[in-house]
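Structure file coords-v3.tsv with TSV, C-alpha atoms and all ligand atoms:
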```tsv
chain	number	residue	atom	x	y	z
J	1	MET	CA	18.24	3.44	1.69
J	2	SER	CA	21.77	4.50	0.82
J	3	ASP	CA	21.12	8.26	0.67
J	4	CYS	CA	18.94	8.45	3.78
J	5	ILE	CA	20.44	10.28	6.80
J	6	PHE	CA	18.42	8.26	9.30
J	7	CYS	CA	19.34	4.93	7.66
J	8	LYS	CA	22.97	6.07	8.01
J	9	ILE	CA	22.37	6.80	11.70
J	10	ILE	CA	20.90	3.28	12.12
J	11	ALA	CA	23.97	1.83	10.35
J	12	GLY	CA	26.31	3.84	12.58
J	13	GLU	CA	27.71	5.74	9.59
J	14	ILE	CA	26.54	9.05	11.11
J	15	PRO	CA	27.00	9.41	14.88
J	16	SER	CA	24.03	10.09	17.14
J	17	THR	CA	23.27	10.25	20.82
J	18	LYS	CA	21.13	7.18	21.31
J	19	VAL	CA	18.37	7.28	23.88
J	20	TYR	CA	16.73	3.91	23.15
J	21	GLU	CA	17.33	1.02	20.75
J	22	ASP	CA	15.92	-2.42	20.12
J	23	ASP	CA	15.61	-4.70	17.11
J	24	LYS	CA	12.79	-2.64	15.55
J	25	ILE	CA	13.36	1.00	16.47
J	26	LEU	CA	15.94	3.62	17.42
J	27	ALA	CA	15.57	6.86	19.36
J	28	PHE	CA	18.23	9.58	19.47
J	29	ASN	CA	18.56	13.23	20.41
J	30	ASP	CA	17.66	15.72	17.70
J	31	ILE	CA	20.73	17.61	16.43
J	32	ASN	CA	18.78	20.89	16.54
J	33	PRO	CA	16.57	20.61	19.62
J	34	MET	CA	13.36	22.65	19.78
J	35	ALA	CA	12.82	21.89	23.48
J	36	PRO	CA	15.00	20.79	26.44
J	37	VAL	CA	14.05	17.21	25.52
J	38	HIS	CA	13.80	16.55	21.78
J	39	VAL	CA	14.14	12.92	20.81
J	40	ILE	CA	13.57	11.42	17.36
J	41	PHE	CA	12.00	7.94	17.17
J	42	ILE	CA	12.49	5.99	13.95
J	43	PRO	CA	11.70	2.52	12.65
J	44	LYS	CA	14.81	0.61	11.58
J	45	GLU	CA	12.90	-0.31	8.44
J	46	HIS	CA	12.99	2.57	5.93
J	47	ILE	CA	9.46	3.97	5.62
J	48	CYS	CA	9.43	7.37	3.91
J	49	CYS	CA	6.60	9.07	5.71
J	50	ALA	CA	3.40	8.77	7.69
J	51	ASP	CA	1.18	8.18	4.67
J	52	LYS	CA	3.09	4.96	3.98
J	53	ILE	CA	1.99	3.41	7.27
J	54	ASP	CA	-0.12	0.36	6.41
J	55	GLU	CA	-1.09	-3.08	7.69
J	56	THR	CA	2.41	-4.43	6.97
J	57	ASN	CA	4.30	-1.93	9.13
J	58	SER	CA	1.82	-0.36	11.58
J	59	HIS	CA	2.99	-2.77	14.31
J	60	ILE	CA	6.32	-0.89	14.31
J	61	VAL	CA	4.52	2.42	14.77
J	62	ALA	CA	2.49	0.88	17.60
J	63	HIS	CA	5.75	-0.28	19.16
J	64	ILE	CA	7.17	3.24	18.96
J	65	PHE	CA	4.10	4.52	20.81
J	66	GLU	CA	4.54	1.82	23.46
J	67	ILE	CA	8.16	2.87	24.06
J	68	ILE	CA	7.59	6.65	24.04
J	69	PRO	CA	5.99	6.72	27.54
J	70	LYS	CA	8.88	4.69	28.98
J	71	VAL	CA	11.48	7.03	27.46
J	72	ALA	CA	9.46	10.08	28.55
J	73	LYS	CA	9.48	8.73	32.12
J	74	ASP	CA	13.21	7.98	31.98
J	75	LEU	CA	13.88	11.53	30.76
J	76	GLY	CA	11.64	13.07	33.42
J	77	ILE	CA	9.06	14.59	31.09
J	78	ASP	CA	6.15	12.26	31.86
J	79	ASP	CA	4.28	15.23	33.39
J	80	GLY	CA	3.58	16.31	29.79
J	81	TYR	CA	5.04	16.01	26.35
J	82	ARG	CA	4.20	16.25	22.65
J	83	VAL	CA	4.66	13.68	19.87
J	84	VAL	CA	4.70	15.03	16.31
J	85	THR	CA	5.26	13.68	12.83
J	86	ASN	CA	5.55	15.92	9.79
J	87	CYS	CA	4.24	14.26	6.62
J	88	LYS	CA	5.79	15.67	3.41
J	89	GLU	CA	7.29	19.07	2.59
J	90	PRO	CA	4.31	21.37	3.20
J	91	ALA	CA	4.11	20.05	6.77
J	92	GLY	CA	7.84	20.62	7.29
J	93	GLN	CA	9.23	17.12	6.70
J	94	THR	CA	12.91	17.43	5.82
J	95	VAL	CA	14.12	13.87	6.40
J	96	PHE	CA	12.16	11.31	4.38
J	97	HIS	CA	12.44	8.43	6.81
J	98	LEU	CA	9.38	8.18	9.05
J	99	HIS	CA	10.05	9.71	12.46
J	100	PHE	CA	8.25	10.95	15.52
J	101	HIS	CA	9.50	13.95	17.48
J	102	LEU	CA	9.18	13.65	21.27
J	103	LEU	CA	9.24	17.15	22.76
J	104	GLY	CA	9.13	18.17	26.40
J	105	GLY	CA	10.90	19.71	29.35
J	106	LYS	CA	9.21	23.09	29.00
J	107	VAL	CA	5.73	24.51	28.60
J	108	LEU	CA	5.16	23.94	24.90
J	109	ASN	CA	3.64	26.46	22.54
J	110	THR	CA	0.03	25.40	22.03
J	111	ASP	CA	-0.07	26.86	18.51
J	112	ILE	CA	1.07	23.78	16.58
J	113	SER	CA	-0.11	25.05	13.20
W	1	LIG	P1	11.51	16.85	10.09
W	1	LIG	O1	11.76	18.30	9.77
W	1	LIG	O2	11.75	15.97	8.88
W	1	LIG	O3	10.17	16.58	10.74
W	1	LIG	O4	12.54	16.46	11.21
W	1	LIG	C1	13.86	16.09	10.93
W	1	LIG	C2	14.62	16.29	12.19
W	1	LIG	O5	15.84	15.60	12.09
W	1	LIG	C3	14.97	17.75	12.47
W	1	LIG	O6	14.44	18.14	13.73
W	1	LIG	C4	16.49	17.79	12.42
W	1	LIG	O7	17.05	18.66	13.38
W	1	LIG	C5	16.86	16.35	12.68
W	1	LIG	N1	18.10	15.93	12.06
W	1	LIG	C6	18.47	16.12	10.76
W	1	LIG	N2	19.67	15.59	10.52
W	1	LIG	C7	20.09	15.05	11.71
W	1	LIG	C8	21.28	14.35	12.08
W	1	LIG	O8	22.20	14.10	11.31
W	1	LIG	N3	21.35	13.94	13.37
W	1	LIG	C9	20.34	14.18	14.28
W	1	LIG	N4	20.53	13.74	15.53
W	1	LIG	N5	19.22	14.83	13.94
W	1	LIG	C10	19.09	15.26	12.67
W	2	ZN	ZN	15.94	5.68	5.84
```
As C-alpha cells, what does this structure read like?
Ligand code: 5GP
Ligand code: ZN
Amino acid sequence: MSDCIFCKIIAGEIPSTKVYEDDKILAFNDINPMAPVHVIFIPKEHICCADKIDETNSHIVAHIFEIIPKVAKDLGIDDGYRVVTNCKEPAGQTVFHLHFHLLGGKVLNTDIS
C-alpha cells in the first residue's frame, strides 16, 4: 500500500534496523522502544490488522511465530519475552499493517491492560 509506513520500510523507502528478513516476513527494531529489546515483526504482504487473518494468510502468521523464538534466542531474551499485537485504534494500533511486537530484556509489567 502506497501510504503505509511499514510497506515503505519493506520497500526500503524508509530506513530501518533489520533484525530478520526472508521472502515472507521482516523484523526490525521499533523506533520508540518500550523495552531493551523491542522488535516489530511484519508480513511482507499488506494485511491491515489481526482481524484480517484468515485461511489465505494465516500461514504467514504461523511463520512469524516460528521465527520469533529464533530471534529471541539470538537477541538473548529467550529466558522470557512478550509478543503483542494491537488490533484497531481502541487497542492502540497506530500503524495499520499487521505487526507483532516482541518485547524483552527486562522484567515486563504484568498489567497488559
Ligand atoms: P502499534 O501502536 O500500531 O501497535 O505499533 C506501531 C509501532 O511502530 C510503534 O511501537 C512505533 O514506535 C513503531 N513505528 C512507527 N513508525 C515507525 C518507523 O518509521 N520505524 C520504526 N522502526 N518503527 C516505527
Ligand atoms: Zn503495509
- Task: Please extract the residues at most 9 Å from ligand LIG 1 (chain W), counting all atoms listed in the file, and provide them as a count of residues only, using the chain letters and residue numbers of this document.
- Result: 36
- Name the residues in contact with Asp78 of chain J at a cut-off of 10 Å, using all atoms listed in the file, excluding same-chain residues fewer than 5 positions from it; report them as a PyMOL selection string. chain J and resi 68-73+104-105
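Across the structure, atom CA of Arg82 of chain J and atom CA of Leu26 of chain J are spaced 18.0 Å apart.
Taking atom CA of Ile60 of chain J and atom CA of Ile47 of chain J as the two end points, the separation is 10.4 Å.
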- Note on the structure: atom CA of Tyr20 of chain J to atom CA of Gly76 of chain J measures 14.7 Å
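Restricting the calculation to only C-alpha atoms, the smallest distance between Val61 of chain J and any of J:Ile25, J:Leu75, J:Cys7, J:Ala35 is found for J:Ile25.
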- Item | Contacts of Lys106 of chain J within 10 Å, only C-alpha atoms, excl. fewer than 6 positions in-chain, as a ChimeraX atom specification | /J:35-37,77,80-81
